[in-house]
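Asker: Supplied structure: model31.cif, mmCIF, C-alpha atoms.
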data_structure
#
loop_
_atom_site.label_atom_id
_atom_site.label_comp_id
_atom_site.auth_asym_id
_atom_site.auth_seq_id
_atom_site.Cartn_x
_atom_site.Cartn_y
_atom_site.Cartn_z
CA MET K 208 -44.13 -76.37 -99.39
CA LEU K 209 -43.51 -72.71 -98.93
CA ASN K 210 -45.49 -70.19 -100.89
CA LYS K 211 -42.71 -68.61 -102.94
CA SER K 212 -44.43 -65.63 -104.52
CA ILE K 213 -42.74 -64.21 -107.58
CA ASN K 214 -39.87 -61.95 -106.60
CA MET K 215 -40.32 -58.83 -108.70
CA PHE K 216 -38.12 -56.57 -106.57
CA LYS K 217 -35.13 -55.07 -108.31
CA LYS K 218 -32.77 -57.81 -109.49
CA ARG K 219 -29.56 -58.14 -107.49
CA GLU K 220 -26.88 -57.43 -110.07
CA ASN K 221 -23.87 -55.87 -108.42
CA ILE K 222 -22.57 -55.41 -104.90
CA THR K 223 -22.17 -51.63 -105.01
CA GLU K 224 -25.81 -51.21 -106.00
CA ILE K 225 -26.92 -53.60 -103.26
CA GLU K 226 -24.85 -51.91 -100.54
CA GLU K 227 -24.76 -48.29 -101.62
CA GLY K 228 -27.77 -47.96 -103.89
CA ASN K 229 -31.19 -46.73 -102.90
CA LEU K 230 -33.31 -49.39 -104.60
CA LEU K 231 -34.86 -52.15 -102.52
CA SER K 232 -33.41 -55.45 -103.72
CA PRO K 233 -33.92 -57.96 -100.93
CA LYS K 234 -32.28 -61.37 -100.82
CA PHE K 235 -34.56 -64.30 -100.07
CA ASP K 236 -32.97 -67.58 -98.97
CA ASN K 237 -33.47 -71.01 -100.57
CA ASP K 238 -36.84 -71.28 -98.84
CA GLY K 239 -37.89 -67.88 -100.23
CA LEU K 240 -37.55 -66.16 -96.84
CA ILE K 241 -35.78 -63.15 -95.37
CA PRO K 242 -35.23 -62.82 -91.59
CA VAL K 243 -36.97 -59.96 -89.78
CA VAL K 244 -36.21 -58.45 -86.38
CA THR K 245 -39.02 -56.54 -84.74
CA THR K 246 -38.41 -53.93 -82.06
CA CYS K 247 -40.84 -51.94 -79.94
CA ALA K 248 -40.95 -48.24 -80.86
CA ASN K 249 -41.49 -47.27 -77.21
CA THR K 250 -39.16 -49.49 -75.22
CA LYS K 251 -36.63 -50.22 -78.02
CA GLU K 252 -36.55 -53.86 -76.91
CA ILE K 253 -36.57 -56.69 -79.44
CA LEU K 254 -40.02 -58.23 -79.45
CA MET K 255 -39.47 -61.09 -81.89
CA HIS K 256 -37.43 -62.60 -84.70
CA GLY K 257 -39.39 -63.91 -87.69
CA TYR K 258 -39.37 -64.36 -91.44
CA MET K 259 -41.10 -62.83 -94.46
CA ASN K 260 -41.60 -64.15 -97.96
CA VAL K 261 -42.16 -61.81 -100.93
CA GLU K 262 -45.89 -61.61 -100.25
CA ALA K 263 -45.50 -60.85 -96.53
CA LEU K 264 -42.97 -58.13 -97.30
CA LYS K 265 -45.28 -56.51 -99.85
CA LEU K 266 -48.25 -56.71 -97.47
CA THR K 267 -46.24 -55.15 -94.65
CA ILE K 268 -45.08 -52.23 -96.79
CA GLU K 269 -48.55 -51.58 -98.19
CA THR K 270 -50.76 -52.11 -95.12
CA LYS K 271 -48.23 -50.76 -92.57
CA GLU K 272 -49.10 -53.73 -90.37
CA ALA K 273 -46.58 -56.51 -89.80
CA HIS K 274 -47.11 -59.66 -91.84
CA TYR K 275 -44.77 -62.62 -91.55
CA TRP K 276 -44.42 -66.06 -93.09
CA SER K 277 -45.28 -68.67 -90.48
CA ARG K 278 -42.85 -71.55 -90.97
CA SER K 279 -44.83 -73.79 -88.63
CA ARG K 280 -48.23 -73.09 -90.18
CA LYS K 281 -46.81 -72.60 -93.69
CA LYS K 282 -48.90 -69.56 -94.45
CA ILE K 283 -48.93 -65.77 -94.34
CA TRP K 284 -49.29 -64.65 -90.76
CA HIS K 285 -50.89 -61.28 -90.14
CA LYS K 286 -49.45 -60.75 -86.66
CA GLY K 287 -52.24 -60.19 -84.15
CA GLU K 288 -54.91 -61.98 -86.20
CA ALA K 289 -55.53 -64.46 -83.38
CA SER K 290 -54.42 -62.46 -80.33
CA GLY K 291 -55.61 -59.02 -81.40
CA PHE K 292 -52.11 -57.62 -80.80
CA LYS K 293 -51.41 -56.15 -84.21
CA GLN K 294 -48.12 -54.45 -84.93
CA LYS K 295 -48.31 -51.00 -86.56
CA VAL K 296 -45.14 -50.40 -88.52
CA VAL K 297 -43.39 -47.18 -87.54
CA GLU K 298 -40.18 -47.74 -89.46
CA MET K 299 -38.70 -50.42 -91.71
CA LYS K 300 -35.02 -50.78 -92.49
CA ILE K 301 -32.86 -53.19 -94.46
CA ASP K 302 -29.22 -54.05 -93.87
CA ASP K 303 -26.10 -53.54 -95.97
CA ASP K 304 -26.37 -56.66 -98.13
CA GLN K 305 -30.18 -56.51 -98.04
CA ASP K 306 -30.69 -59.93 -96.48
CA ALA K 307 -32.26 -58.88 -93.14
CA ILE K 308 -35.06 -56.49 -92.20
CA TRP K 309 -35.55 -54.40 -89.07
CA LEU K 310 -39.15 -53.46 -88.28
CA THR K 311 -39.93 -50.90 -85.59
CA VAL K 312 -43.53 -51.30 -84.46
CA ASP K 313 -46.10 -49.77 -82.18
CA ILE K 314 -47.98 -52.36 -80.11
CA GLY K 315 -49.35 -49.90 -77.56
CA ASN K 316 -49.65 -51.80 -74.31
CA GLY K 317 -49.84 -55.02 -76.27
CA ILE K 318 -47.93 -58.23 -76.15
CA SER K 319 -45.81 -59.91 -78.76
CA CYS K 320 -45.04 -63.38 -77.53
CA HIS K 321 -47.41 -66.34 -77.85
CA VAL K 322 -46.16 -67.73 -74.51
CA GLY K 323 -47.71 -64.69 -72.80
CA TYR K 324 -44.73 -62.42 -72.23
CA ARG K 325 -44.34 -58.99 -73.79
CA SER K 326 -41.17 -59.88 -75.68
CA CYS K 327 -40.19 -63.32 -76.95
CA PHE K 328 -36.76 -62.72 -75.43
CA TYR K 329 -37.55 -63.26 -71.76
CA ARG K 330 -34.56 -65.38 -70.75
CA ASN K 331 -30.89 -64.44 -70.32
CA ILE K 332 -28.05 -66.78 -71.20
CA PRO K 333 -25.35 -66.61 -68.49
CA LEU K 334 -21.90 -65.55 -69.69
CA GLY K 335 -18.53 -66.99 -68.70
CA GLN K 336 -16.94 -70.39 -68.52
CA ILE K 337 -19.22 -73.28 -69.39
CA LYS K 338 -19.01 -76.23 -67.03
CA ASP K 339 -21.62 -78.49 -68.59
CA LEU K 340 -23.08 -77.61 -71.98
CA GLU K 341 -26.22 -79.60 -71.19
CA GLN K 342 -26.89 -77.67 -68.00
CA ILE K 343 -26.63 -73.97 -68.83
CA GLU K 344 -29.19 -72.33 -66.56
CA MET K 345 -30.85 -69.17 -67.81
CA ASP K 346 -32.46 -66.34 -65.84
CA PHE K 347 -36.01 -65.23 -66.51
CA LYS K 348 -36.07 -61.47 -67.12
CA GLU K 349 -39.84 -61.39 -67.44
CA ARG K 350 -41.63 -63.29 -64.71
CA LYS K 351 -45.18 -62.23 -65.18
CA LYS K 352 -47.28 -63.38 -68.08
CA LEU K 353 -49.46 -60.62 -69.44
CA PHE K 354 -52.12 -62.95 -70.75
CA ASP K 355 -53.16 -66.56 -70.55
CA PRO K 356 -52.25 -68.14 -73.91
CA GLU K 357 -54.88 -70.84 -73.48
CA LYS K 358 -57.63 -68.25 -73.29
CA ILE K 359 -56.34 -66.20 -76.20
CA TYR K 360 -55.45 -68.97 -78.60
CA LYS K 361 -58.01 -71.53 -77.43
CA ASN K 362 -57.40 -74.72 -79.39
CA LYS K 363 -54.84 -73.42 -81.86
CA PRO K 364 -51.69 -75.55 -82.03
CA ASN K 365 -48.53 -74.19 -80.43
CA PRO K 366 -46.24 -72.80 -83.16
CA THR K 367 -43.10 -73.98 -81.37
CA LYS K 368 -41.58 -77.07 -82.92
CA ILE K 369 -39.06 -79.37 -81.27
CA MET S 295 -19.36 -77.27 -96.14
CA LEU S 296 -20.28 -75.68 -92.86
CA ASN S 297 -18.39 -76.58 -89.77
CA LYS S 298 -21.14 -78.26 -87.79
CA SER S 299 -19.59 -78.70 -84.38
CA ILE S 300 -21.20 -81.31 -82.18
CA ASN S 301 -24.32 -79.95 -80.51
CA MET S 302 -24.03 -80.96 -76.89
CA PHE S 303 -26.53 -78.46 -75.52
CA LYS S 304 -29.53 -79.90 -73.75
CA LYS S 305 -31.55 -82.04 -76.15
CA ARG S 306 -34.86 -80.50 -77.27
CA GLU S 307 -37.42 -82.96 -75.95
CA ASN S 308 -40.65 -81.17 -75.19
CA ILE S 309 -42.19 -77.80 -75.91
CA THR S 310 -42.90 -76.79 -72.31
CA GLU S 311 -39.26 -77.30 -71.38
CA ILE S 312 -38.11 -75.33 -74.43
CA GLU S 313 -40.48 -72.40 -73.79
CA GLU S 314 -40.80 -72.35 -70.02
CA GLY S 315 -37.70 -74.14 -68.84
CA ASN S 316 -34.46 -72.56 -67.75
CA LEU S 317 -32.03 -74.79 -69.63
CA LEU S 318 -30.39 -73.53 -72.80
CA SER S 319 -31.49 -75.79 -75.63
CA PRO S 320 -30.94 -73.86 -78.86
CA LYS S 321 -32.29 -74.92 -82.22
CA PHE S 322 -29.83 -74.92 -85.10
CA ASP S 323 -31.19 -75.01 -88.65
CA ASN S 324 -30.31 -77.53 -91.36
CA ASP S 325 -27.04 -75.66 -91.95
CA GLY S 326 -26.21 -75.86 -88.24
CA LEU S 327 -26.88 -72.15 -87.69
CA ILE S 328 -28.98 -69.99 -85.37
CA PRO S 329 -29.78 -66.34 -86.27
CA VAL S 330 -28.41 -63.61 -84.01
CA VAL S 331 -29.50 -60.00 -83.67
CA THR S 332 -26.96 -57.62 -82.19
CA THR S 333 -27.95 -54.34 -80.58
CA CYS S 334 -25.82 -51.53 -79.20
CA ALA S 335 -25.96 -51.26 -75.40
CA ASN S 336 -25.73 -47.46 -75.57
CA THR S 337 -27.99 -46.43 -78.43
CA LYS S 338 -30.27 -49.52 -78.41
CA GLU S 339 -30.13 -49.59 -82.22
CA ILE S 340 -29.70 -52.84 -84.12
CA LEU S 341 -26.15 -53.04 -85.36
CA MET S 342 -26.32 -56.26 -87.36
CA HIS S 343 -28.04 -59.56 -88.05
CA GLY S 344 -25.80 -62.62 -88.25
CA TYR S 345 -25.56 -66.32 -87.51
CA MET S 346 -23.78 -68.58 -85.03
CA ASN S 347 -22.97 -72.26 -85.17
CA VAL S 348 -22.42 -74.32 -82.01
CA GLU S 349 -18.78 -73.32 -81.79
CA ALA S 350 -19.46 -69.58 -82.25
CA LEU S 351 -22.16 -69.70 -79.57
CA LYS S 352 -19.82 -71.44 -77.12
CA LEU S 353 -17.00 -69.00 -77.87
CA THR S 354 -19.31 -66.00 -77.38
CA ILE S 355 -20.56 -67.27 -74.03
CA GLU S 356 -17.09 -68.11 -72.76
CA THR S 357 -15.04 -65.16 -74.07
CA LYS S 358 -17.82 -62.55 -73.72
CA GLU S 359 -16.85 -61.28 -77.17
CA ALA S 360 -19.16 -61.80 -80.13
CA HIS S 361 -18.24 -64.64 -82.47
CA TYR S 362 -20.34 -65.46 -85.52
CA TRP S 363 -20.29 -67.99 -88.32
CA SER S 364 -19.39 -66.24 -91.55
CA ARG S 365 -21.51 -67.77 -94.27
CA SER S 366 -19.50 -66.08 -97.02
CA ARG S 367 -16.08 -67.05 -95.67
CA LYS S 368 -17.34 -70.34 -94.19
CA LYS S 369 -15.46 -69.97 -90.93
CA ILE S 370 -15.76 -68.71 -87.38
CA TRP S 371 -15.71 -64.94 -87.40
CA HIS S 372 -14.43 -63.20 -84.29
CA LYS S 373 -16.12 -59.86 -84.96
CA GLY S 374 -13.56 -57.07 -85.03
CA GLU S 375 -10.62 -59.32 -85.91
CA ALA S 376 -9.95 -57.35 -89.10
CA SER S 377 -11.41 -53.94 -88.23
CA GLY S 378 -10.47 -53.82 -84.56
CA PHE S 379 -14.09 -53.12 -83.63
CA LYS S 380 -14.70 -55.98 -81.22
CA GLN S 381 -18.09 -56.42 -79.59
CA LYS S 382 -18.08 -56.90 -75.82
CA VAL S 383 -21.16 -58.85 -74.83
CA VAL S 384 -23.22 -57.08 -72.16
CA GLU S 385 -26.27 -59.34 -72.31
CA MET S 386 -27.37 -62.41 -74.24
CA LYS S 387 -30.95 -63.57 -74.58
CA ILE S 388 -32.79 -66.35 -76.40
CA ASP S 389 -36.36 -66.35 -77.62
CA ASP S 390 -39.38 -68.46 -76.68
CA ASP S 391 -38.72 -71.42 -78.97
CA GLN S 392 -34.95 -70.98 -78.61
CA ASP S 393 -34.25 -70.48 -82.31
CA ALA S 394 -32.99 -66.87 -82.24
CA ILE S 395 -30.45 -65.02 -80.09
CA TRP S 396 -30.32 -61.38 -79.04
CA LEU S 397 -26.87 -60.05 -78.18
CA THR S 398 -26.47 -56.65 -76.53
CA VAL S 399 -22.92 -55.40 -77.04
CA ASP S 400 -20.63 -52.56 -76.12
CA ILE S 401 -18.68 -51.23 -79.10
CA GLY S 402 -17.68 -47.93 -77.48
CA ASN S 403 -17.42 -45.40 -80.26
CA GLY S 404 -16.82 -48.21 -82.72
CA ILE S 405 -18.47 -49.24 -85.91
CA SER S 406 -20.29 -52.39 -86.82
CA CYS S 407 -20.83 -52.35 -90.55
CA HIS S 408 -18.20 -53.36 -93.12
CA VAL S 409 -19.53 -50.70 -95.53
CA GLY S 410 -18.35 -48.02 -93.09
CA TYR S 411 -21.54 -47.05 -91.27
CA ARG S 412 -22.12 -47.51 -87.56
CA SER S 413 -25.09 -49.85 -88.03
CA CYS S 414 -25.70 -52.17 -90.97
CA PHE S 415 -29.26 -50.83 -91.06
CA TYR S 416 -28.64 -47.45 -92.65
CA ARG S 417 -31.51 -47.40 -95.17
CA ASN S 418 -35.26 -47.00 -94.63
CA ILE S 419 -37.85 -48.78 -96.74
CA PRO S 420 -40.72 -46.39 -97.59
CA LEU S 421 -44.17 -47.48 -96.42
CA GLY S 422 -47.45 -47.26 -98.29
CA GLN S 423 -48.76 -48.27 -101.68
CA ILE S 424 -46.19 -49.78 -104.01
CA LYS S 425 -46.30 -48.44 -107.55
CA ASP S 426 -43.43 -50.40 -109.06
CA LEU S 427 -41.84 -53.23 -107.09
CA GLU S 428 -38.60 -52.82 -109.03
CA GLN S 429 -38.29 -49.15 -108.14
CA ILE S 430 -38.80 -48.84 -104.39
CA GLU S 431 -36.52 -45.97 -103.38
CA MET S 432 -35.05 -46.07 -99.90
CA ASP S 433 -33.80 -43.20 -97.72
CA PHE S 434 -30.33 -43.20 -96.24
CA LYS S 435 -30.54 -42.62 -92.50
CA GLU S 436 -26.79 -42.60 -92.09
CA ARG S 437 -25.01 -40.46 -94.63
CA LYS S 438 -21.51 -40.25 -93.29
CA LYS S 439 -19.14 -43.19 -93.34
CA LEU S 440 -17.14 -43.46 -90.15
CA PHE S 441 -14.22 -45.18 -91.79
CA ASP S 442 -12.88 -46.00 -95.21
CA PRO S 443 -13.46 -49.73 -95.76
CA GLU S 444 -10.64 -49.91 -98.31
CA LYS S 445 -8.13 -48.73 -95.73
CA ILE S 446 -9.41 -50.97 -92.96
CA TYR S 447 -9.93 -54.17 -94.91
CA LYS S 448 -7.23 -53.62 -97.57
CA ASN S 449 -7.45 -56.49 -100.02
CA LYS S 450 -9.96 -58.65 -98.18
CA PRO S 451 -12.91 -59.73 -100.34
CA ASN S 452 -16.28 -58.07 -99.71
CA PRO S 453 -18.48 -60.43 -97.67
CA THR S 454 -21.63 -59.36 -99.53
CA LYS S 455 -22.82 -61.91 -102.08
CA ILE S 456 -25.21 -61.24 -104.92
#
Would you write the structure of this file as structure tokens?

Answerer:
Amino acid sequence: MLNKSINMFKKRENITEIEEGNLLSPKFDNDGLIPVVTTCANTKEILMHGYMNVEALKLTIETKEAHYWSRSRKKIWHKGEASGFKQKVVEMKIDDDQDAIWLTVDIGNGISCHVGYRSCFYRNIPLGQIKDLEQIEMDFKERKKLFDPEKIYKNKPNPTKI
Amino acid sequence: MLNKSINMFKKRENITEIEEGNLLSPKFDNDGLIPVVTTCANTKEILMHGYMNVEALKLTIETKEAHYWSRSRKKIWHKGEASGFKQKVVEMKIDDDQDAIWLTVDIGNGISCHVGYRSCFYRNIPLGQIKDLEQIEMDFKERKKLFDPEKIYKNKPNPTKI
């Protein structure tokens, strides 16, 4: 089960306050999570898409280092704990209805993706008419892995789930 | 109920194929949705965070205009239908485990947020020690609304839910 910490942020009471107010009042889904998009402060590219629970959000604000909720490992995930590639938070934003977070982070020359690429988004989906939905061939935008995941993560299980 | 169209994309069978393969094999959650982050091709800022179902993903690929699944209205949402601010897809990426999409779009001088700001992410969360979780005061990064939502949307209900 997910670790649903107590949500003590401002209670969501009316839409004008949520959209136009200045108090943080995030919406967590039925699993106690809020989606988070993380971009690189230098390149502006999206590095990853993850989730936070109440605890991860509090830790991120207070430590200024990105913490997520790992859905595969079912625990708080201090990004970079295993790989060393920590994410220093430069800026943190929330959207209009306060149900998504945008983190801008500094990773220096670091890497974000457990597969070994800098960004998790290393493949392009081709646009235009689809001939066969089962055979949509993507292009790799990043070809070169920046580290060998087997060396970095050793015997840790792969977080990707089928 | 959500409109779960039939998922005829390549079946997710093994992790190496999902992470390192070139065939599109997206993961939809229990509600039949995949999260989507949309950035502006010009400014590189994140405009919005939304969701697609199978049908919205197919429509986006084929029409090269962003289509989402509206969770509040429970229907396919051709972005810009009501406001006129359509999103032309410049690039579309998927992440390592194929459970999140990054759309880069051209909106010209248009607007993305139903509240009237250019980006939905117009407020910054302050970093550092939290004194009172109920009273975290955010800064507005965008001050000026670019349109009057009441004029554009007339009597349409606000999509934000408490």

Asker: Could you tell me, as an MDAnalysis selection string, exactly which residues end up selected when the PyMOL selection byres ((chain K and resi 218) around 9) is applied to this structure?

Answerer: (chainID K and resid 214:217 219:220 232:233) or (chainID S and resid 428)

Asker: Considering all atoms listed in the file, extract the chain S residues located within 7 Å of chain K and return them as an NGL selection string.

Answerer: :S and (302-304 or 306-309 or 316-318 or 338 or 343 or 355-358 or 386-391 or 394 or 414-419 or 421-424 or 427-433 or 454 or 456)

Asker: So the first atom is atom CA of Gly291 of chain K and the second is atom CA of Asn249 of chain K; what is the distance between them in Å, to one decimal place?

Answerer: 18.8 Å

Asker: Closest to Asn362 of chain K among K:Asn237, K:Ala289, K:Arg280, K:Asn260, using all atoms listed in the file?

Answerer: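 Closest residue, counting all atoms listed in the file: K:Ala289.
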
Asker: Report as a ChimeraX atom specification the full result of the PyMOL selection byres ((chain S and resi 363) around 9) when it is applied to this structure.

Answerer: /S:296-297,327,344-347,349-350,361-362,364-372

Asker: What does the structure give for the distance between atom CA of Leu351 of chain S and atom CA of Asp238 of chain K, in Å to one decimal?

Answerer: 24.3 Å

Asker: One number please: atom CA of Pro451 of chain S to atom CA of Asp323 of chain S, in Å, one decimal.

Answerer: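 Atom-to-atom, atom CA of Pro451 of chain S to atom CA of Asp323 of chain S, that is 26.5 Å.
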
Asker: Take every atom of segment 317-336 of chain K listed in the file, pad by 5 Å on each side, and give me the axis-aligned box centre and edge lengths in Å, one decimal, as AutoDock Vina command-line options.

Answerer:
--center_x -33.4 --center_y -62.7 --center_z -73.6 --size_x 42.9 --size_y 25.4 --size_z 20.3

Asker: Could you tell me which of S:Val399, S:Arg412, S:Lys450, S:Ile405 comes closest to Arg437 of chain S if we count only C-alpha atoms?

Answerer: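 Of all the options, S:Arg412 lies closest to Arg437 of chain S.
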